[in-house]
$ cat model.cif   # mmCIF, C-alpha atoms and all ligand atoms
data_work
#
loop_
_atom_site.group_PDB
_atom_site.id
_atom_site.type_symbol
_atom_site.label_atom_id
_atom_site.label_comp_id
_atom_site.auth_asym_id
_atom_site.auth_seq_id
_atom_site.Cartn_x
_atom_site.Cartn_y
_atom_site.Cartn_z
ATOM 1 C CA MET D 1 -26.172 -60.507 22.432
ATOM 2 C CA MET D 2 -22.614 -59.261 21.915
ATOM 3 C CA LYS D 3 -20.086 -58.195 24.546
ATOM 4 C CA ILE D 4 -16.834 -56.296 24.094
ATOM 5 C CA GLY D 5 -13.916 -56.632 26.506
ATOM 6 C CA ILE D 6 -10.572 -54.870 26.733
ATOM 7 C CA GLY D 7 -7.447 -55.953 28.563
ATOM 8 C CA TYR D 8 -4.104 -54.356 29.325
ATOM 9 C CA ASP D 9 -0.959 -55.562 31.044
ATOM 10 C CA ILE D 10 2.607 -54.404 31.622
ATOM 11 C CA HIS D 11 5.678 -56.093 33.095
ATOM 12 C CA ARG D 12 9.157 -54.912 33.919
ATOM 13 C CA LEU D 13 11.860 -56.539 31.738
ATOM 14 C CA VAL D 14 14.894 -57.993 33.505
ATOM 15 C CA PRO D 15 17.885 -60.077 32.411
ATOM 16 C CA GLY D 16 17.824 -63.797 33.188
ATOM 17 C CA ARG D 17 14.102 -64.328 32.694
ATOM 18 C CA LYS D 18 12.730 -66.144 29.672
ATOM 19 C CA MET D 19 10.403 -64.310 27.317
ATOM 20 C CA VAL D 20 7.065 -66.026 26.778
ATOM 21 C CA LEU D 21 4.492 -64.352 24.550
ATOM 22 C CA GLY D 22 1.184 -65.983 23.736
ATOM 23 C CA GLY D 23 2.527 -69.227 25.180
ATOM 24 C CA VAL D 24 5.515 -69.185 22.805
ATOM 25 C CA GLU D 25 9.053 -68.995 24.173
ATOM 26 C CA ILE D 26 10.948 -66.342 22.255
ATOM 27 C CA GLU D 27 14.653 -65.652 22.231
ATOM 28 C CA SER D 28 15.335 -62.413 24.081
ATOM 29 C CA PRO D 29 18.128 -60.977 26.259
ATOM 30 C CA LYS D 30 15.524 -59.995 28.849
ATOM 31 C CA GLY D 31 12.250 -61.393 30.111
ATOM 32 C CA PRO D 32 9.326 -60.201 32.230
ATOM 33 C CA GLU D 33 9.644 -60.003 35.990
ATOM 34 C CA ALA D 34 6.547 -61.742 37.351
ATOM 35 C CA HIS D 35 5.136 -64.242 39.782
ATOM 36 C CA SER D 36 3.975 -66.393 36.857
ATOM 37 C CA ASP D 37 5.857 -66.672 33.546
ATOM 38 C CA GLY D 38 4.835 -63.030 32.945
ATOM 39 C CA ASP D 39 3.211 -63.650 29.571
ATOM 40 C CA VAL D 40 1.971 -60.084 29.110
ATOM 41 C CA LEU D 41 -0.032 -60.910 25.974
ATOM 42 C CA ILE D 42 -1.903 -63.805 27.578
ATOM 43 C CA HIS D 43 -2.600 -61.690 30.682
ATOM 44 C CA ALA D 44 -4.136 -58.929 28.521
ATOM 45 C CA ILE D 45 -6.231 -61.489 26.596
ATOM 46 C CA CYS D 46 -7.447 -63.114 29.839
ATOM 47 C CA ASP D 47 -8.536 -59.709 31.158
ATOM 48 C CA ALA D 48 -10.297 -58.832 27.887
ATOM 49 C CA ILE D 49 -12.318 -62.070 27.986
ATOM 50 C CA LEU D 50 -13.071 -61.773 31.701
ATOM 51 C CA GLY D 51 -14.028 -58.127 31.134
ATOM 52 C CA ALA D 52 -16.488 -59.002 28.386
ATOM 53 C CA MET D 53 -18.018 -61.669 30.640
ATOM 54 C CA GLY D 54 -18.407 -59.180 33.495
ATOM 55 C CA GLU D 55 -16.010 -61.180 35.679
ATOM 56 C CA PRO D 56 -13.297 -59.809 38.023
ATOM 57 C CA ASP D 57 -9.792 -59.535 36.532
ATOM 58 C CA ILE D 58 -7.030 -62.141 36.245
ATOM 59 C CA GLY D 59 -5.278 -60.892 39.412
ATOM 60 C CA THR D 60 -8.395 -61.716 41.410
ATOM 61 C CA ARG D 61 -8.790 -65.147 39.823
ATOM 62 C CA PHE D 62 -5.094 -66.133 39.992
ATOM 63 C CA PRO D 63 -3.623 -64.020 42.835
ATOM 64 C CA ASP D 64 0.139 -63.394 43.237
ATOM 65 C CA SER D 65 -0.215 -64.371 46.878
ATOM 66 C CA ASP D 66 -1.095 -67.945 45.862
ATOM 67 C CA GLU D 67 2.149 -69.941 45.802
ATOM 68 C CA SER D 68 0.625 -72.508 43.422
ATOM 69 C CA PHE D 69 0.765 -69.868 40.669
ATOM 70 C CA LYS D 70 4.507 -69.237 41.122
ATOM 71 C CA ASN D 71 6.188 -69.548 37.690
ATOM 72 C CA ALA D 72 2.837 -70.806 36.387
ATOM 73 C CA SER D 73 2.413 -71.106 32.652
ATOM 74 C CA SER D 74 -0.025 -68.311 31.811
ATOM 75 C CA ILE D 75 -1.397 -70.257 28.869
ATOM 76 C CA GLU D 76 -3.028 -72.507 31.499
ATOM 77 C CA PHE D 77 -4.811 -69.425 32.901
ATOM 78 C CA LEU D 78 -6.155 -68.757 29.411
ATOM 79 C CA ARG D 79 -7.192 -72.400 29.010
ATOM 80 C CA GLU D 80 -9.221 -72.139 32.226
ATOM 81 C CA ILE D 81 -10.826 -68.882 31.091
ATOM 82 C CA ALA D 82 -11.656 -70.399 27.690
ATOM 83 C CA ASP D 83 -13.435 -73.223 29.557
ATOM 84 C CA LEU D 84 -15.289 -70.583 31.551
ATOM 85 C CA THR D 85 -16.570 -68.897 28.363
ATOM 86 C CA ARG D 86 -17.926 -72.193 27.052
ATOM 87 C CA LEU D 87 -19.541 -72.907 30.411
ATOM 88 C CA ALA D 88 -21.191 -69.472 30.411
ATOM 89 C CA LYS D 89 -22.293 -70.096 26.803
ATOM 90 C CA TYR D 90 -20.162 -67.438 25.151
ATOM 91 C CA GLU D 91 -18.508 -67.803 21.777
ATOM 92 C CA ILE D 92 -15.328 -65.827 21.058
ATOM 93 C CA LEU D 93 -15.948 -64.153 17.703
ATOM 94 C CA SER D 94 -12.884 -61.972 17.428
ATOM 95 C CA LEU D 95 -9.666 -61.151 19.262
ATOM 96 C CA ASP D 96 -7.311 -58.310 18.408
ATOM 97 C CA THR D 97 -4.101 -57.571 20.288
ATOM 98 C CA ILE D 98 -1.056 -55.300 20.371
ATOM 99 C CA VAL D 99 2.263 -56.073 22.040
ATOM 100 C CA VAL D 100 4.233 -52.905 22.805
ATOM 101 C CA THR D 101 7.941 -53.603 23.096
ATOM 102 C CA GLU D 102 11.298 -52.571 21.644
ATOM 103 C CA MET D 103 12.393 -56.216 21.516
ATOM 104 C CA PRO D 104 11.909 -58.972 20.525
ATOM 105 C CA LYS D 105 10.335 -58.297 17.124
ATOM 106 C CA ILE D 106 6.757 -59.536 17.093
ATOM 107 C CA THR D 107 6.443 -59.872 13.293
ATOM 108 C CA GLU D 108 8.976 -62.730 13.253
ATOM 109 C CA ASN D 109 6.957 -64.681 15.814
ATOM 110 C CA ARG D 110 3.445 -63.603 14.861
ATOM 111 C CA THR D 111 2.312 -66.844 13.152
ATOM 112 C CA LYS D 112 3.574 -69.050 15.992
ATOM 113 C CA ILE D 113 1.853 -66.861 18.599
ATOM 114 C CA ILE D 114 -1.470 -66.805 16.716
ATOM 115 C CA THR D 115 -1.351 -70.603 16.295
ATOM 116 C CA SER D 116 -0.673 -71.061 20.016
ATOM 117 C CA ILE D 117 -3.575 -68.811 21.077
ATOM 118 C CA SER D 118 -5.910 -70.387 18.525
ATOM 119 C CA LYS D 119 -5.225 -73.875 19.937
ATOM 120 C CA VAL D 120 -6.009 -72.831 23.500
ATOM 121 C CA LEU D 121 -9.112 -70.773 22.697
ATOM 122 C CA ARG D 122 -10.215 -73.345 20.096
ATOM 123 C CA ILE D 123 -11.113 -70.634 17.589
ATOM 124 C CA SER D 124 -9.936 -70.062 14.024
ATOM 125 C CA LYS D 125 -6.624 -68.279 13.459
ATOM 126 C CA ASP D 126 -8.539 -65.955 11.107
ATOM 127 C CA ASN D 127 -10.322 -64.509 14.140
ATOM 128 C CA ILE D 128 -7.112 -63.692 16.025
ATOM 129 C CA ASN D 129 -4.697 -60.868 15.355
ATOM 130 C CA VAL D 130 -1.381 -60.078 17.026
ATOM 131 C CA LYS D 131 0.395 -56.865 16.173
ATOM 132 C CA GLY D 132 3.737 -55.560 17.378
ATOM 133 C CA LYS D 133 4.512 -51.955 18.107
ATOM 134 C CA THR D 134 7.557 -50.209 19.500
ATOM 135 C CA SER D 135 7.344 -47.250 21.833
ATOM 136 C CA GLU D 136 9.635 -45.166 19.581
ATOM 137 C CA LYS D 137 12.336 -45.196 22.300
ATOM 138 C CA ILE D 138 10.010 -43.147 24.529
ATOM 139 C CA GLY D 139 9.504 -43.909 28.208
ATOM 140 C CA GLU D 140 10.195 -47.135 30.078
ATOM 141 C CA ILE D 141 8.994 -49.393 27.260
ATOM 142 C CA GLY D 142 11.040 -47.379 24.779
ATOM 143 C CA LYS D 143 14.152 -47.882 26.906
ATOM 144 C CA GLY D 144 13.548 -51.651 26.905
ATOM 145 C CA LEU D 145 12.726 -51.692 30.614
ATOM 146 C CA ALA D 146 9.156 -52.927 30.194
ATOM 147 C CA ILE D 147 6.781 -54.748 27.861
ATOM 148 C CA ALA D 148 3.030 -54.117 27.562
ATOM 149 C CA ALA D 149 0.072 -55.626 25.741
ATOM 150 C CA HIS D 150 -3.454 -54.574 24.830
ATOM 151 C CA ALA D 151 -6.293 -56.891 23.839
ATOM 152 C CA ALA D 152 -9.852 -56.426 22.624
ATOM 153 C CA VAL D 153 -12.319 -59.275 22.356
ATOM 154 C CA LEU D 154 -15.819 -59.708 21.003
ATOM 155 C CA LEU D 155 -18.016 -62.369 22.570
ATOM 156 C CA LYS D 156 -21.417 -63.608 21.492
ATOM 157 C CA LYS D 157 -23.904 -65.196 23.868
ATOM 158 C CA ILE D 158 -25.197 -68.466 22.475
ATOM 159 C CA ASN D 159 -28.516 -69.916 23.585
HETATM 160 ZN ZN ZN D 201 0.827 -59.800 33.799
#

$ encode --input "model.cif" --output "structure tokens"
Amino acid sequence: MMKIGIGYDIHRLVPGRKMVLGGVEIESPKGPEAHSDGDVLIHAICDAILGAMGEPDIGTRFPDSDESFKNASSIEFLREIADLTRLAKYEILSLDTIVVTEMPKITENRTKIITSISKVLRISKDNINVKGKTSEKIGEIGKGLAIAAHAAVLLKKIN
């Protein structure tokens, strides 16, 4: 049995916050405003996996109101969700993602980000894709005021 999940996330970009994408710290004049580290890509991936498993979203599992998640490293959220998939006997077959942002450039950091995600999910880098896209200067993302990410995942139930 196969299950598809999709995830989406967006964060406001502000000066003085570090930019973490896929668990990788990237040089950037602005970073996401968030309760956690605001790793928009990891948040979208978490929601895609949870979605495929029929579980409530990441905000329900790791609520903003919980002080223990303040400035939390989102990669730890993903690690916990990866454990959950193994426990529920799901195998992650494929993960595709898009980061929508004017800066930083995703292509320059793509390999590092894929390696980081692959380590946490314990799946081959060949089954993970990370693509960057700008918003063509349109809207809030286009003005550099926000960063968004989309993720799609394919899970297989193992007996
Ligand atoms: Zn988020």

$ resolve_selection --input "model.cif" --expression "the PyMOL selection byres (((not hetatm)) within 9 of (chain D and resi 201))" --output "NGL selection string"
:D and (8-11 or 32 or 34-44 or 58-59 or 74 or 148)

$ write_last_selection --input "model.cif" --atoms "C-alpha atoms" --output "compact mmCIF listing (two decimals), in the frame of the given file"
# COMPACT_ATOMS: atom_id res chain seq x y z
CA TYR D 8 -4.10 -54.36 29.32
CA ASP D 9 -0.96 -55.56 31.04
CA ILE D 10 2.61 -54.40 31.62
CA HIS D 11 5.68 -56.09 33.10
CA PRO D 32 9.33 -60.20 32.23
CA ALA D 34 6.55 -61.74 37.35
CA HIS D 35 5.14 -64.24 39.78
CA SER D 36 3.98 -66.39 36.86
CA ASP D 37 5.86 -66.67 33.55
CA GLY D 38 4.84 -63.03 32.94
CA ASP D 39 3.21 -63.65 29.57
CA VAL D 40 1.97 -60.08 29.11
CA LEU D 41 -0.03 -60.91 25.97
CA ILE D 42 -1.90 -63.80 27.58
CA HIS D 43 -2.60 -61.69 30.68
CA ALA D 44 -4.14 -58.93 28.52
CA ILE D 58 -7.03 -62.14 36.24
CA GLY D 59 -5.28 -60.89 39.41
CA SER D 74 -0.02 -68.31 31.81
CA ALA D 148 3.03 -54.12 27.56

$ resolve_selection --input "model.cif" --expression "the PyMOL selection byres (((chain D and resi 57) around 12) and not hetatm)" --output "mmCIF file with C-alpha atoms, in the frame of the given file"
data_model
loop_
_atom_site.group_PDB
_atom_site.id
_atom_site.type_symbol
_atom_site.label_atom_id
_atom_site.label_comp_id
_atom_site.auth_asym_id
_atom_site.auth_seq_id
_atom_site.Cartn_x
_atom_site.Cartn_y
_atom_site.Cartn_z
ATOM 1 C CA GLY D 5 -13.916 -56.632 26.506
ATOM 2 C CA ILE D 6 -10.572 -54.870 26.733
ATOM 3 C CA GLY D 7 -7.447 -55.953 28.563
ATOM 4 C CA TYR D 8 -4.104 -54.356 29.325
ATOM 5 C CA ASP D 9 -0.959 -55.562 31.044
ATOM 6 C CA HIS D 43 -2.600 -61.690 30.682
ATOM 7 C CA ALA D 44 -4.136 -58.929 28.521
ATOM 8 C CA ILE D 45 -6.231 -61.489 26.596
ATOM 9 C CA CYS D 46 -7.447 -63.114 29.839
ATOM 10 C CA ASP D 47 -8.536 -59.709 31.158
ATOM 11 C CA ALA D 48 -10.297 -58.832 27.887
ATOM 12 C CA ILE D 49 -12.318 -62.070 27.986
ATOM 13 C CA LEU D 50 -13.071 -61.773 31.701
ATOM 14 C CA GLY D 51 -14.028 -58.127 31.134
ATOM 15 C CA ALA D 52 -16.488 -59.002 28.386
ATOM 16 C CA MET D 53 -18.018 -61.669 30.640
ATOM 17 C CA GLY D 54 -18.407 -59.180 33.495
ATOM 18 C CA GLU D 55 -16.010 -61.180 35.679
ATOM 19 C CA PRO D 56 -13.297 -59.809 38.023
ATOM 20 C CA ILE D 58 -7.030 -62.141 36.245
ATOM 21 C CA GLY D 59 -5.278 -60.892 39.412
ATOM 22 C CA THR D 60 -8.395 -61.716 41.410
ATOM 23 C CA ARG D 61 -8.790 -65.147 39.823
ATOM 24 C CA PHE D 62 -5.094 -66.133 39.992
ATOM 25 C CA PRO D 63 -3.623 -64.020 42.835
ATOM 26 C CA PHE D 77 -4.811 -69.425 32.901
ATOM 27 C CA ILE D 81 -10.826 -68.882 31.091
#

$ closest_residue --input "model.cif" --among "D:Leu13, D:Ile128, D:Ala82, D:Val100" --to "Leu145 (chain D)" --atoms "all atoms listed in the file"
D:Leu13

$ resolve_selection --input "model.cif" --expression "the PyMOL selection byres (((chain D and resi 124) around 10) and not hetatm)" --output "ChimeraX atom specification"
/D:92-94,114-115,117-119,121-123,125-128

$ write_last_selection --input "model.cif" --atoms "C-alpha atoms" --output "CSV table (one decimal), in the coordinates of the input"
chain,number,residue,atom,x,y,z
D,92,ILE,CA,-15.3,-65.8,21.1
D,93,LEU,CA,-15.9,-64.2,17.7
D,94,SER,CA,-12.9,-62.0,17.4
D,114,ILE,CA,-1.5,-66.8,16.7
D,115,THR,CA,-1.4,-70.6,16.3
D,117,ILE,CA,-3.6,-68.8,21.1
D,118,SER,CA,-5.9,-70.4,18.5
D,119,LYS,CA,-5.2,-73.9,19.9
D,121,LEU,CA,-9.1,-70.8,22.7
D,122,ARG,CA,-10.2,-73.3,20.1
D,123,ILE,CA,-11.1,-70.6,17.6
D,125,LYS,CA,-6.6,-68.3,13.5
D,126,ASP,CA,-8.5,-66.0,11.1
D,127,ASN,CA,-10.3,-64.5,14.1
D,128,ILE,CA,-7.1,-63.7,16.0

$ residues_around --input "model.cif" --residues "region 108-113 of chain D" --least-positions-apart "6" --cutoff "7 Å" --atoms "only C-alpha atoms" --output "MDAnalysis selection string"
chainID D and resid 21:22 24 130

$ write_last_selection --input "model.cif" --atoms "C-alpha atoms" --output "JSON list (two decimals), in the coordinates of the input"
[["chain", "number", "residue", "atom", "x", "y", "z"],
["D", 21, "LEU", "CA", 4.49, -64.35, 24.55],
["D", 22, "GLY", "CA", 1.18, -65.98, 23.74],
["D", 24, "VAL", "CA", 5.52, -69.18, 22.80],
["D", 130, "VAL", "CA", -1.38, -60.08, 17.03]]

$ residues_near_point --input "model.cif" --point "(-25.7, -60.2, 15.4)" --cutoff "9 Å" --atoms "all atoms listed in the file" --output "VMD selection string"
chain D and resid 1 to 2 156
